[in-house]
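A.B. asks: Coordinates in entry.txt, compact mmCIF, C-alpha atoms, are listed below.
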```txt
# COMPACT_ATOMS: atom_id res chain seq x y z
CA MET S 1 0.00 0.00 0.00
CA LYS S 2 2.98 2.33 0.30
CA ARG S 3 3.31 4.50 -2.78
CA ARG S 4 7.05 4.02 -2.79
CA ASN S 5 9.12 5.54 -5.54
CA PHE S 6 6.16 6.23 -7.81
CA LEU S 7 8.27 7.64 -10.60
CA THR S 8 11.85 6.48 -10.98
CA ASN S 9 14.52 8.02 -13.17
CA ALA S 10 13.30 5.73 -15.98
CA ALA S 11 16.04 3.23 -15.25
CA MET S 12 13.96 0.41 -16.70
CA LEU S 13 13.11 2.09 -20.00
CA GLY S 14 16.01 0.47 -21.77
CA THR S 15 15.38 -3.09 -20.67
CA GLY S 16 13.54 -3.94 -23.87
CA THR S 17 12.18 -7.41 -23.41
CA VAL S 18 10.20 -6.55 -20.31
CA VAL S 19 8.87 -3.09 -21.08
CA GLY S 20 8.85 -2.95 -24.89
CA MET S 21 5.54 -2.52 -26.70
CA PRO S 22 4.17 -5.16 -29.07
CA ALA S 23 4.28 -4.14 -32.72
CA ILE S 24 0.62 -3.19 -32.99
CA LEU S 25 1.02 -0.65 -30.19
CA THR S 26 4.19 1.09 -31.33
CA SER S 27 2.79 3.08 -34.23
CA CYS S 28 -0.48 4.23 -35.73
CA SER S 29 -1.11 2.47 -39.02
CA LYS S 30 -3.67 4.21 -41.21
CA GLN S 31 -7.05 2.50 -41.10
CA GLY S 32 -8.14 3.45 -44.61
CA THR S 33 -5.43 1.64 -46.60
CA SER S 34 -6.20 -0.18 -49.84
CA LYS S 35 -5.42 -3.63 -48.40
CA THR S 36 -8.41 -5.62 -47.21
CA PHE S 37 -7.76 -7.89 -44.24
CA THR S 38 -9.55 -11.21 -43.91
CA PRO S 39 -10.93 -12.38 -40.55
CA GLU S 40 -8.24 -15.06 -40.47
CA GLU S 41 -5.46 -12.52 -41.00
CA LEU S 42 -6.79 -10.46 -38.08
CA GLY S 43 -7.06 -13.50 -35.81
CA MET S 44 -10.84 -13.87 -35.55
CA PHE S 45 -12.03 -16.92 -33.59
CA SER S 46 -14.21 -19.68 -35.01
CA PHE S 47 -17.09 -19.02 -32.59
CA SER S 48 -18.04 -22.68 -32.40
CA ASP S 49 -20.96 -23.66 -30.21
CA VAL S 50 -18.80 -26.14 -28.33
CA ALA S 51 -15.10 -26.94 -28.13
CA PRO S 52 -13.91 -30.03 -30.03
CA ASP S 53 -13.49 -33.34 -28.25
CA GLY S 54 -10.03 -34.59 -27.49
CA LYS S 55 -7.83 -35.82 -24.72
CA PRO S 56 -9.13 -35.04 -21.22
CA LEU S 57 -8.10 -31.65 -19.88
CA ASN S 58 -7.77 -31.26 -16.13
CA ALA S 59 -7.89 -27.81 -14.55
CA ALA S 60 -6.83 -26.29 -11.24
CA LEU S 61 -9.07 -23.51 -9.92
CA ILE S 62 -7.07 -20.79 -8.14
CA GLY S 63 -9.56 -18.62 -6.27
CA CYS S 64 -12.93 -20.12 -5.31
CA GLY S 65 -15.09 -17.01 -4.97
CA ASP S 66 -18.05 -16.14 -7.17
CA ARG S 67 -15.96 -15.30 -10.24
CA GLY S 68 -13.79 -18.36 -9.78
CA THR S 69 -16.78 -20.64 -9.40
CA GLY S 70 -18.34 -19.06 -12.48
CA ALA S 71 -15.17 -19.58 -14.49
CA ALA S 72 -15.00 -23.22 -13.39
CA LEU S 73 -18.60 -23.80 -14.50
CA GLN S 74 -17.92 -22.13 -17.85
CA PHE S 75 -14.81 -24.25 -18.36
CA LEU S 76 -16.75 -27.44 -17.64
CA ALA S 77 -19.53 -26.38 -20.03
CA ALA S 78 -17.12 -25.55 -22.87
CA GLY S 79 -16.89 -29.09 -24.24
CA PRO S 80 -16.46 -32.79 -23.45
CA ASN S 81 -13.80 -34.42 -21.27
CA LEU S 82 -13.13 -31.43 -19.04
CA LYS S 83 -12.70 -31.60 -15.27
CA ILE S 84 -11.69 -29.51 -12.27
CA VAL S 85 -9.21 -31.68 -10.36
CA ALA S 86 -7.66 -29.20 -7.90
CA MET S 87 -8.72 -26.11 -5.95
CA ALA S 88 -6.87 -23.42 -4.02
CA ASP S 89 -8.14 -20.61 -1.81
CA VAL S 90 -7.35 -18.81 1.43
CA PHE S 91 -10.72 -19.55 3.04
CA ALA S 92 -12.27 -22.99 3.60
CA ASP S 93 -15.87 -21.73 3.47
CA ARG S 94 -15.44 -20.32 -0.02
CA MET S 95 -13.85 -23.52 -1.25
CA GLU S 96 -16.63 -25.67 0.23
CA ARG S 97 -19.33 -23.51 -1.35
CA SER S 98 -17.61 -23.65 -4.73
CA LEU S 99 -17.10 -27.39 -4.45
CA ASN S 100 -20.78 -27.96 -3.69
CA ILE S 101 -21.81 -25.97 -6.77
CA LEU S 102 -19.45 -27.97 -9.00
CA ARG S 103 -20.88 -31.19 -7.59
CA LYS S 104 -24.45 -30.08 -8.15
CA GLU S 105 -24.03 -28.64 -11.66
CA PHE S 106 -21.54 -31.08 -13.20
CA ASN S 107 -21.08 -33.91 -10.72
CA ASN S 108 -17.48 -32.73 -10.54
CA GLU S 109 -15.69 -34.01 -7.45
CA VAL S 110 -12.28 -32.73 -6.40
CA PRO S 111 -10.27 -35.19 -4.28
CA GLU S 112 -9.68 -34.00 -0.74
CA GLN S 113 -5.91 -34.27 -1.18
CA ASN S 114 -6.17 -31.80 -4.09
CA ARG S 115 -7.89 -29.06 -2.07
CA PHE S 116 -5.32 -26.58 -0.79
CA LEU S 117 -5.79 -23.70 1.65
CA GLY S 118 -3.54 -20.75 2.44
CA PHE S 119 -1.61 -18.03 0.67
CA ASP S 120 0.75 -20.60 -0.86
CA ALA S 121 -2.07 -22.95 -1.88
CA TYR S 122 -1.79 -21.89 -5.54
CA LYS S 123 1.73 -23.33 -5.75
CA LYS S 124 0.55 -26.76 -4.61
CA ALA S 125 -2.41 -26.85 -6.99
CA ILE S 126 -0.40 -25.68 -10.00
CA ALA S 127 2.41 -28.15 -9.28
CA LEU S 128 0.16 -31.22 -9.53
CA SER S 129 1.32 -33.44 -12.38
CA GLY S 130 -2.24 -34.12 -13.60
CA VAL S 131 -3.11 -30.46 -14.12
CA ASP S 132 -3.15 -29.23 -17.74
CA VAL S 133 -4.91 -25.88 -17.32
CA VAL S 134 -4.89 -23.26 -14.55
CA LEU S 135 -7.85 -20.91 -13.97
CA LEU S 136 -6.60 -17.71 -12.28
CA THR S 137 -9.52 -15.97 -10.59
CA THR S 138 -8.29 -14.55 -7.28
CA PRO S 139 -8.39 -10.82 -6.43
CA THR S 140 -6.25 -9.02 -9.01
CA HIS S 141 -3.30 -8.18 -6.76
CA PHE S 142 -2.20 -11.82 -6.69
CA ARG S 143 -2.53 -12.43 -10.45
CA PRO S 144 1.03 -11.61 -11.66
CA GLU S 145 2.76 -14.06 -9.34
CA HIS S 146 0.14 -16.77 -9.94
CA PHE S 147 0.49 -16.34 -13.71
CA LYS S 148 4.28 -16.47 -13.53
CA THR S 149 4.10 -19.68 -11.48
CA ALA S 150 1.68 -21.32 -13.92
CA VAL S 151 3.84 -20.48 -16.93
CA GLU S 152 6.98 -21.73 -15.19
CA ALA S 153 5.13 -25.02 -14.56
CA GLY S 154 4.24 -25.29 -18.26
CA LYS S 155 0.47 -25.02 -17.80
CA HIS S 156 -2.09 -23.49 -20.13
CA VAL S 157 -3.90 -20.57 -18.48
CA PHE S 158 -7.22 -18.81 -18.25
CA MET S 159 -6.46 -15.46 -16.61
CA GLU S 160 -9.23 -13.15 -15.45
CA LYS S 161 -9.03 -9.43 -16.11
CA PRO S 162 -7.40 -7.21 -15.10
CA CYS S 163 -3.98 -8.83 -14.74
CA ALA S 164 -2.27 -6.53 -12.20
CA VAL S 165 -2.90 -3.51 -9.98
CA ASP S 166 0.42 -1.70 -10.47
CA PRO S 167 3.32 -1.30 -12.94
CA SER S 168 5.47 -3.76 -11.01
CA GLY S 169 2.85 -6.45 -11.56
CA ILE S 170 2.44 -5.50 -15.23
CA ARG S 171 6.12 -6.09 -15.91
CA THR S 172 5.86 -9.53 -14.30
CA VAL S 173 2.88 -10.39 -16.52
CA ILE S 174 4.61 -9.19 -19.70
CA ALA S 175 7.70 -11.26 -18.96
CA ALA S 176 5.60 -14.34 -18.18
CA ALA S 177 3.48 -13.78 -21.30
CA ARG S 178 6.58 -13.86 -23.47
CA ALA S 179 7.84 -16.97 -21.69
CA ALA S 180 4.46 -18.62 -22.36
CA LYS S 181 4.81 -17.84 -26.07
CA GLY S 182 8.21 -19.47 -26.08
CA LYS S 183 6.72 -22.60 -24.53
CA GLY S 184 3.74 -22.70 -26.90
CA LEU S 185 1.23 -22.30 -24.07
CA THR S 186 -2.30 -21.03 -24.58
CA VAL S 187 -3.31 -18.04 -22.45
CA VAL S 188 -6.90 -16.84 -22.76
CA THR S 189 -7.91 -13.77 -20.78
CA GLY S 190 -11.17 -12.51 -19.30
CA ASN S 191 -11.61 -9.38 -21.42
CA GLN S 192 -14.68 -11.07 -22.90
CA ARG S 193 -15.53 -8.47 -25.54
CA ARG S 194 -12.60 -9.92 -27.50
CA HIS S 195 -14.61 -13.15 -27.52
CA SER S 196 -17.73 -11.53 -29.01
CA ARG S 197 -18.68 -12.14 -32.64
CA ALA S 198 -20.37 -8.72 -32.81
CA TYR S 199 -17.22 -6.91 -31.69
CA TRP S 200 -15.07 -8.97 -34.04
CA GLU S 201 -17.26 -8.21 -37.06
CA ALA S 202 -17.08 -4.52 -36.18
CA PHE S 203 -13.29 -4.68 -35.67
CA ILE S 204 -12.79 -6.22 -39.12
CA ARG S 205 -14.85 -3.44 -40.72
CA VAL S 206 -13.01 -0.71 -38.82
CA ARG S 207 -9.64 -2.24 -39.65
CA ASN S 208 -10.66 -2.29 -43.32
CA GLY S 209 -11.49 1.42 -43.32
CA ALA S 210 -15.22 1.59 -42.59
CA ILE S 211 -14.82 4.70 -40.41
CA GLY S 212 -11.69 6.08 -42.11
CA ASP S 213 -8.66 7.07 -40.04
CA ILE S 214 -9.29 6.97 -36.28
CA CYS S 215 -9.32 10.39 -34.63
CA SER S 216 -10.60 9.86 -31.09
CA ALA S 217 -12.51 7.50 -28.82
CA SER S 218 -14.46 7.23 -25.59
CA ALA S 219 -14.89 4.42 -23.09
CA HIS S 220 -17.48 4.37 -20.31
CA TRP S 221 -18.46 2.14 -17.40
CA ASP S 222 -20.97 4.22 -15.43
CA GLN S 223 -23.44 2.39 -13.17
CA GLY S 224 -24.93 2.28 -9.70
CA ALA S 225 -23.14 1.30 -6.50
CA TRP S 226 -21.44 -2.09 -6.48
CA TRP S 227 -21.23 -4.72 -3.74
CA ASN S 228 -19.40 -4.24 -0.45
CA LYS S 229 -18.88 -6.04 2.86
CA ARG S 230 -18.55 -4.54 6.32
CA HIS S 231 -15.65 -5.40 8.62
CA ARG S 232 -16.85 -8.10 11.03
CA PRO S 233 -15.34 -8.21 14.53
CA GLU S 234 -14.05 -11.75 14.03
CA TRP S 235 -12.14 -10.82 10.87
CA SER S 236 -8.55 -9.64 10.92
CA ASP S 237 -7.56 -6.73 8.69
CA MET S 238 -6.25 -9.11 6.04
CA GLU S 239 -9.35 -11.28 6.05
CA TYR S 240 -11.59 -8.23 5.81
CA CYS S 241 -9.62 -6.86 2.88
CA ILE S 242 -9.74 -10.12 0.94
CA ARG S 243 -13.45 -10.70 1.59
CA ASN S 244 -14.17 -7.09 0.55
CA TRP S 245 -11.48 -7.08 -2.12
CA PHE S 246 -13.37 -5.14 -4.79
CA ASN S 247 -13.46 -2.04 -2.56
CA ILE S 248 -9.82 -2.34 -1.48
CA LYS S 249 -7.26 -0.47 -3.58
CA TRP S 250 -4.33 -2.84 -3.21
CA LEU S 251 -6.42 -5.88 -4.10
CA SER S 252 -8.66 -4.67 -6.95
CA GLY S 253 -6.76 -1.66 -8.27
CA ASP S 254 -10.02 0.35 -8.05
CA HIS S 255 -13.07 -0.01 -10.28
CA ILE S 256 -11.49 1.78 -13.24
CA LEU S 257 -9.40 -1.39 -13.49
CA ASP S 258 -11.89 -4.04 -12.47
CA GLN S 259 -14.83 -2.75 -14.52
CA ALA S 260 -13.79 -0.01 -16.97
CA ILE S 261 -10.89 -2.18 -18.16
CA HIS S 262 -13.42 -3.83 -20.49
CA ASN S 263 -14.11 -0.58 -22.32
CA ILE S 264 -10.52 0.64 -22.20
CA ASP S 265 -9.42 -2.68 -23.68
CA VAL S 266 -11.85 -2.34 -26.60
CA VAL S 267 -10.55 1.13 -27.48
CA THR S 268 -6.93 -0.03 -27.13
CA TRP S 269 -7.72 -2.99 -29.41
CA PHE S 270 -9.46 -0.88 -32.07
CA MET S 271 -7.04 2.06 -32.00
CA GLY S 272 -3.93 -0.11 -31.92
CA VAL S 273 -1.78 2.55 -30.22
CA LYS S 274 -0.64 3.48 -26.75
CA PRO S 275 -1.47 6.85 -25.14
CA ALA S 276 1.35 9.34 -24.71
CA ARG S 277 0.02 10.67 -21.40
CA ALA S 278 -3.08 11.02 -19.25
CA VAL S 279 -4.71 13.64 -17.02
CA GLY S 280 -7.48 12.48 -14.72
CA PHE S 281 -10.06 13.49 -12.17
CA GLY S 282 -11.89 11.46 -9.55
CA GLY S 283 -12.99 11.18 -5.97
CA ARG S 284 -14.93 9.41 -3.27
CA ALA S 285 -18.45 10.59 -2.51
CA GLN S 286 -20.76 7.80 -1.32
CA ARG S 287 -18.86 4.50 -1.15
CA LEU S 288 -19.64 2.72 2.11
CA THR S 289 -16.47 0.65 2.66
CA GLY S 290 -12.89 0.32 1.49
CA ASP S 291 -10.53 3.00 0.20
CA ILE S 292 -11.28 3.42 -3.53
CA PHE S 293 -12.96 6.16 -5.58
CA ASP S 294 -16.59 6.38 -6.67
CA PHE S 295 -15.89 8.09 -9.98
CA PHE S 296 -13.17 8.79 -12.56
CA SER S 297 -12.87 10.94 -15.67
CA VAL S 298 -9.62 10.57 -17.59
CA ASP S 299 -8.34 12.31 -20.72
CA TYR S 300 -5.83 10.23 -22.66
CA TYR S 301 -3.62 12.02 -25.20
CA TYR S 302 -2.24 10.18 -28.25
CA ASP S 303 0.02 11.26 -31.08
CA ASN S 304 -1.44 13.27 -34.01
CA ASN S 305 -3.81 15.14 -31.66
CA ARG S 306 -5.99 12.11 -30.94
CA ARG S 307 -7.79 11.73 -27.62
CA MET S 308 -9.75 9.23 -25.57
CA LEU S 309 -12.15 10.11 -22.78
CA THR S 310 -12.75 7.43 -20.16
CA THR S 311 -15.37 7.70 -17.43
CA ALA S 312 -16.07 5.25 -14.63
CA ARG S 313 -18.70 5.81 -11.95
CA GLN S 314 -20.45 3.69 -9.32
CA ILE S 315 -23.12 5.86 -7.69
CA ASP S 316 -26.81 5.00 -7.40
CA ASP S 317 -29.44 7.05 -9.27
CA THR S 318 -26.99 8.31 -11.88
CA GLU S 319 -26.92 7.90 -15.66
CA TYR S 320 -26.10 4.35 -16.81
CA ASN S 321 -23.63 4.07 -19.67
CA VAL S 322 -21.47 1.03 -20.40
CA SER S 323 -20.20 1.50 -23.94
CA GLU S 324 -17.34 2.35 -26.29
CA GLN S 325 -17.12 4.71 -29.24
CA VAL S 326 -14.33 5.07 -31.80
CA TYR S 327 -14.53 8.14 -34.04
CA GLY S 328 -13.02 8.23 -37.52
CA THR S 329 -12.79 10.62 -40.45
CA LYS S 330 -15.71 8.85 -42.17
CA GLY S 331 -17.82 7.45 -39.34
CA VAL S 332 -18.24 6.17 -35.81
CA PHE S 333 -18.09 2.68 -34.27
CA SER S 334 -20.35 2.51 -31.21
CA THR S 335 -21.64 -0.10 -28.80
CA LYS S 336 -24.33 2.02 -27.20
CA ASP S 337 -27.68 0.44 -28.16
CA GLY S 338 -26.01 -2.46 -29.94
CA VAL S 339 -22.77 -2.86 -31.87
CA HIS S 340 -22.97 -0.71 -34.99
CA ILE S 341 -21.26 1.79 -37.32
CA GLU S 342 -22.74 5.16 -38.34
CA ASP S 343 -21.57 7.84 -40.73
CA LEU S 344 -20.77 11.31 -39.42
CA ALA S 345 -24.36 12.44 -40.05
CA GLY S 346 -25.73 9.69 -37.84
CA ASN S 347 -26.95 7.39 -40.63
CA MET S 348 -26.60 3.68 -39.94
CA LEU S 349 -23.95 2.07 -42.14
CA TRP S 350 -23.87 -1.34 -40.48
CA ALA S 351 -25.34 -3.00 -37.40
CA TYR S 352 -24.71 -6.45 -36.03
CA ASP S 353 -27.69 -8.70 -36.75
CA TYR S 354 -28.48 -10.24 -33.38
CA LYS S 355 -31.53 -12.10 -34.75
CA ALA S 356 -29.67 -13.85 -37.54
CA ASN S 357 -26.58 -14.52 -35.38
CA PRO S 358 -27.50 -14.49 -31.69
CA GLU S 359 -24.54 -13.67 -29.49
CA LYS S 360 -23.27 -16.56 -27.40
CA ASP S 361 -22.45 -16.10 -23.73
CA HIS S 362 -19.06 -14.35 -23.87
CA TYR S 363 -17.97 -15.92 -20.58
CA ARG S 364 -18.55 -19.41 -21.93
CA GLN S 365 -17.07 -18.45 -25.30
CA GLU S 366 -13.78 -17.59 -23.61
CA HIS S 367 -13.46 -21.15 -22.41
CA ILE S 368 -14.54 -22.65 -25.72
CA HIS S 369 -11.70 -20.71 -27.32
CA LEU S 370 -9.34 -21.87 -24.55
CA VAL S 371 -10.12 -25.56 -25.03
CA GLU S 372 -10.27 -25.24 -28.83
CA SER S 373 -6.84 -23.62 -28.89
CA ILE S 374 -5.28 -26.39 -26.81
CA ARG S 375 -6.91 -29.31 -28.60
CA LEU S 376 -6.36 -27.99 -32.14
CA ASN S 377 -2.79 -26.95 -31.26
CA LYS S 378 -3.53 -23.37 -32.34
CA CYS S 379 -1.81 -21.31 -29.70
CA ILE S 380 -3.69 -18.24 -28.44
CA ASN S 381 -1.82 -15.89 -26.12
CA GLN S 382 -3.79 -12.81 -25.04
CA ALA S 383 -1.75 -12.05 -21.93
CA GLU S 384 0.40 -9.26 -23.32
CA ASP S 385 -2.59 -7.48 -24.88
CA LEU S 386 -4.36 -7.60 -21.51
CA ALA S 387 -1.22 -6.33 -19.77
CA TYR S 388 -1.03 -3.21 -21.93
CA SER S 389 -4.76 -2.50 -21.67
CA THR S 390 -4.48 -2.88 -17.91
CA LEU S 391 -1.54 -0.47 -17.87
CA VAL S 392 -3.63 2.09 -19.80
CA ALA S 393 -6.21 1.82 -16.99
CA ILE S 394 -3.47 2.10 -14.33
CA LEU S 395 -2.12 5.22 -16.05
CA GLY S 396 -5.57 6.80 -15.87
CA ARG S 397 -6.09 5.79 -12.26
CA GLU S 398 -2.79 7.23 -11.11
CA ALA S 399 -3.43 10.45 -13.05
CA ALA S 400 -6.75 10.77 -11.19
CA TYR S 401 -5.29 9.77 -7.81
CA THR S 402 -2.50 12.36 -8.07
CA GLY S 403 -4.13 15.08 -10.16
CA LYS S 404 -0.93 15.11 -12.24
CA SER S 405 -0.23 14.61 -15.92
CA ILE S 406 1.60 11.29 -16.22
CA THR S 407 3.31 9.99 -19.36
CA TRP S 408 3.35 6.43 -20.67
CA GLU S 409 7.11 6.20 -20.14
CA GLU S 410 6.75 7.33 -16.52
CA ILE S 411 4.06 4.77 -15.65
CA MET S 412 5.87 2.03 -17.57
CA SER S 413 9.09 2.53 -15.63
CA SER S 414 7.49 3.26 -12.24
CA ASN S 415 8.36 1.11 -9.24
CA LEU S 416 4.90 1.71 -7.77
CA ARG S 417 3.64 -1.37 -5.93
CA TYR S 418 0.45 -1.72 -3.90
CA GLY S 419 0.01 -4.23 -1.08
CA PRO S 420 1.94 -5.78 1.81
CA GLU S 421 5.30 -7.44 1.32
CA THR S 422 4.19 -10.63 3.06
CA TYR S 423 0.80 -12.34 3.27
CA GLU S 424 -0.68 -13.63 6.50
CA LEU S 425 -3.99 -13.31 8.31
CA GLY S 426 -3.56 -10.51 10.82
CA LYS S 427 -3.20 -6.76 11.08
CA LEU S 428 -2.34 -4.50 8.15
CA PRO S 429 -0.84 -1.38 9.74
CA ASP S 430 -0.65 0.49 6.41
CA TYR S 431 -4.35 -0.01 5.60
CA HIS S 432 -6.77 2.70 6.73
CA GLU S 433 -10.47 2.13 6.08
CA GLY S 434 -12.17 4.93 4.17
CA GLU S 435 -8.98 6.86 3.33
CA ALA S 436 -8.91 7.21 -0.44
CA PRO S 437 -6.10 9.04 -2.30
CA LYS S 438 -6.33 12.83 -2.27
CA PRO S 439 -5.62 14.46 -5.66
CA GLY S 440 -3.03 17.20 -5.35
CA LYS S 441 -1.57 15.60 -2.22
CA ALA S 442 -0.87 12.02 -3.28
CA PRO S 443 2.72 11.42 -4.49
CA GLY S 444 3.01 11.64 -8.25
CA ALA S 445 5.11 13.01 -11.08
CA ALA S 446 6.51 15.71 -8.81
CA GLY S 447 7.64 13.06 -6.33
```
Please render this file's structure as C-alpha cells.
C.D. replies:
Amino acid sequence: MKRRNFLTNAAMLGTGTVVGMPAILTSCSKQGTSKTFTPEELGMFSFSDVAPDGKPLNAALIGCGDRGTGAALQFLAAGPNLKIVAMADVFADRMERSLNILRKEFNNEVPEQNRFLGFDAYKKAIALSGVDVVLLTTPTHFRPEHFKTAVEAGKHVFMEKPCAVDPSGIRTVIAAARAAKGKGLTVVTGNQRRHSRAYWEAFIRVRNGAIGDICSASAHWDQGAWWNKRHRPEWSDMEYCIRNWFNIKWLSGDHILDQAIHNIDVVTWFMGVKPARAVGFGGRAQRLTGDIFDFFSVDYYYDNNRRMLTTARQIDDTEYNVSEQVYGTKGVFSTKDGVHIEDLAGNMLWAYDYKANPEKDHYRQEHIHLVESIRLNKCINQAEDLAYSTLVAILGREAAYTGKSITWEEIMSSNLRYGPETYELGKLPDYHEGEAPKPGKAPGAAG
C-alpha cells in the first residue's frame, strides 16, 4: 500500500524485453489503406458452439469465490472431457461452497488431497502433475505471481481481467506472457468483448477502413453502486480486505481497473496505439467501505492530436452508460444500443444482426476458445494485450489519484507497488479504512 518511488529516473526504459511494446502498439497504421484484411489474418475466432473433443483436460481452480466458481462452470460447459481436479483458496468456506456448486451442476468431485488452503495454496495446486490448465480468478493483486508460477510449470492458463494492480505487476505479466509464447502455451484472458462475434465483425470493418482514419474515442463504465462487505469483529484486517477485495485499492486496483478495463481494452484494441500521457479526475463521494474512488474521468492524449475520454462511476441514481465509441474521419463505431457503425451524419452504415446470429455467452465463449486452442494446437496468447490495456487503466487511475499529468514512459518505468510485502492473516498497519487518495496531495510526477 505504500506508494514508494512512484516515478523512478526511468532506469527500466532500456530493458527492452520486459517493457517494450508489441508491434501493434508502437505506431499508428492508417485505417483506410487499400489492403483488405480477412478475418483469419486479423485472428478472428471460429465461434463454435462447443469446443472439439479430445484428450481429457484437467484444470486447477485458483480462487474459489463467485468469479472463480463461475469460471470453473464455464470451463466445464465448454466441451467434453473437461474436469476440475484441484482447488486453491485462502478460506475454507469459499472452497466448500464452490465445491458444492461444482458437484451439483456437473457432478465434478475434487479429491480432498487436491484441495489446498492458504496463501501458498496456488503453488501446490499448480504443481500437480495431472493439471493441464490453470484458472486464475483470485483478487487481481495476486494475479502476476500466480500467472508467472503457472507459466513456469508449463500449464495453459485462463487469466481473469485485469492482470495486475500496479506497474510492477504489469512487468511480471509481460515477462511471463513472453515466456508462455516461447513454450507454446495457450493463455486466454477474461476481457470477454474480444470473444464476441459482434465486436469482431465490427473490428474487421473498422480495420478495413469503414470509419476512415481513427481520430478519437471514448470508453465508459458508469453504473450504480457495487457490492461491499462490512468489517466483522471476528475478521482480521487481512481477512476483511480479501473478503471485501473489490473495494480495497491494493487488491482490486479500483473499479477503473476491475470494470472499466473492459471498455478501455476495446478502445486499445481498435485504435492499436498506446497513449502518450493522461490527465485524470476522480474522488470518493458515497462509497460505504474500502478505500477506492466512486468516480473517474480521464483524458488520454495520443500522437497526431488524438484523444480518448474514459469515465467510470459507481453511484446509485446516476446515468447508466457502459459502452465504447471510436470516431473516424468517415464514421463512428459505437456499442451504445447495440454494436454498430454510423456515418458522421448519424446514418446507420452497419449494425450487427443479433436475430440472424445471436450472441453466445461471452464468458462461456472464452473457455470454448481456450479448449479449442489447446486441442487444435492453435496457440492463443492474449496475456500481453491484456497487460497493456491494464496499464492504460493504471495510467488513468494514477493520473486521477495524483491530479498530475503522467506519461506512458513514466508509468511504464514506475516502481509503484500496492500491497503488503508478506501475506498472513492478521493486522495490516498500512491499511486505513475509508482513506482514499487525495488528488493534489498524493505522491506523483513531482515526487
A.B. asks: Which of these residues is nearest to Leu82 (chain S), using only C-alpha atoms: S:Gly118, S:Gly54, S:Gly68, S:Gly346?
C.D. replies: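 Under the stated criterion, the closest residue is S:Gly54.
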A.B. asks: Just the residues within 6 Å of region 153-164 of chain S, please, counting only C-alpha atoms, with nothing from its chain fewer than 2 positions along; format it as number ranges by chain.
C.D. replies: S: 132-137, 140-141, 143, 150-151, 166, 169-170, 185-191, 390
A.B. asks: Tell me which protein, DNA and RNA residues are within 6 Å of region 399-410 of chain S, counting only C-alpha atoms, leaving out same-chain ones fewer than 2 positions away, and put them as a PyMOL selection string.
C.D. replies: chain S and resi 276-282+396-397+412-414+437+439-440+442+444
A.B. asks: Could you check which residues have any atom within 6 Å of (3.2, -13.1, -13.7), counting only C-alpha atoms with coordinates taken straight from the file, and then list them as a tab-separated table (two decimals) with C-alpha atoms, in the coordinates of the input?
C.D. replies:
```tsv
chain	number	residue	atom	x	y	z
S	144	PRO	CA	1.03	-11.61	-11.66
S	145	GLU	CA	2.76	-14.06	-9.34
S	147	PHE	CA	0.49	-16.34	-13.71
S	148	LYS	CA	4.28	-16.47	-13.53
S	172	THR	CA	5.86	-9.53	-14.30
S	173	VAL	CA	2.88	-10.39	-16.52
S	176	ALA	CA	5.60	-14.34	-18.18
```
A.B. asks: So how far away is CA of Thr36 (chain S) from CA of Asp337 (chain S), in Å?
C.D. replies: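 Interatomic distance, CA of Asp337 (chain S) to CA of Thr36 (chain S): 27.8 Å.
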A.B. asks: For the atom pair CA of His255 (chain S) and CA of Asp299 (chain S), what is the interatomic distance in Å to one decimal place?
C.D. replies: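 These two atoms are separated by 16.8 Å.
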A.B. asks: Return the single residue from S:Ala177, S:Ala71, S:Ala210, S:Met44 that is closest to Glu384 (chain S), with distances computed using all atoms listed in the file.
C.D. replies: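 Of the candidates, the smallest distance to Glu384 (chain S) is held by S:Ala177.
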A.B. asks: Using only C-alpha atoms, which of the listed residues (S:Tyr300, S:Tyr423, S:Trp350, S:Phe333) sits closest to Ala393 (chain S)?
C.D. replies: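 For Ala393 (chain S), the nearest of the candidates is S:Tyr300.
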A.B. asks: Pick the closest to Glu359 (chain S) from S:Tyr327, S:Trp200, S:Phe270, S:Trp245: which is it, counting all atoms listed in the file?
C.D. replies: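 Of S:Tyr327, S:Trp200, S:Phe270, S:Trp245, the one nearest Glu359 (chain S) is S:Trp200, counting all atoms listed in the file.
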A.B. asks: Which of these, S:Gln113, S:Thr268, S:Gln74, S:Ser216, has the shortest distance to Asn305 (chain S) once you count all atoms listed in the file?
C.D. replies: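 Of S:Gln113, S:Thr268, S:Gln74, S:Ser216, the one nearest Asn305 (chain S), counting all atoms listed in the file, is S:Ser216.
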A.B. asks: So which one's closest to Leu251 (chain S), S:Ser129, S:Thr138, S:Thr149, S:Ser389? Using all atoms listed in the file, please.
C.D. replies: S:Thr138
A.B. asks: As a list of chain:residue names, please: the residues near Val339 (chain S) (cut-off 10 Å, all atoms listed in the file, same-chain neighbours under 2 positions excluded).
C.D. replies: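 The contact residues come out as S:Ala198, S:Tyr199, S:Glu201, S:Ala202, S:Ser323, S:Glu324, S:Gln325, S:Phe333, S:Ser334, S:Thr335, S:Lys336, S:Asp337, S:Ile341, S:Trp350, S:Ala351, S:Tyr352, S:Asp353, S:Tyr354.
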A.B. asks: Please, what distance in Å, to one decimal, runs between CA of Asp120 (chain S) and CA of Asp93 (chain S)?
C.D. replies: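 So the two atoms, CA of Asp120 (chain S) and CA of Asp93 (chain S), lie 17.2 Å apart.
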A.B. asks: Extract, using only C-alpha atoms, all DNA, RNA and protein residues at most 8 Å from Trp250 (chain S), discarding same-chain residues fewer than 3 positions from it, and format them as a PyMOL selection string.
C.D. replies: chain S and resi 1+141+165+253+418-419
A.B. asks: Would you export the selected residues with C-alpha atoms as a PDB file, in the coordinates of the input, please?
C.D. replies:
```pdb
ATOM      1  CA  MET S   1       0.000   0.000   0.000  1.00  0.00           C
ATOM      2  CA  HIS S 141      -3.300  -8.180  -6.760  1.00  0.00           C
ATOM      3  CA  VAL S 165      -2.900  -3.510  -9.980  1.00  0.00           C
ATOM      4  CA  GLY S 253      -6.760  -1.660  -8.270  1.00  0.00           C
ATOM      5  CA  TYR S 418       0.450  -1.720  -3.900  1.00  0.00           C
ATOM      6  CA  GLY S 419       0.010  -4.230  -1.080  1.00  0.00           C
TER       7      GLY S 419
END
```
A.B. asks: Identify the residues within 10 Å of coordinate (-22.7, 8.4, -11.2) (same frame as the file), considering only C-alpha atoms, and give the answer as a list in words.
C.D. replies: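 Answer for this query, in the requested form: Trp221, Asp222, Gln223, Gly224, Ala225, Ala285, Asp294, Phe295, Phe296, Thr311, Ala312, Arg313, Gln314, Ile315, Asp316, Asp317, Thr318, Glu319, Tyr320 and Asn321 of chain S.
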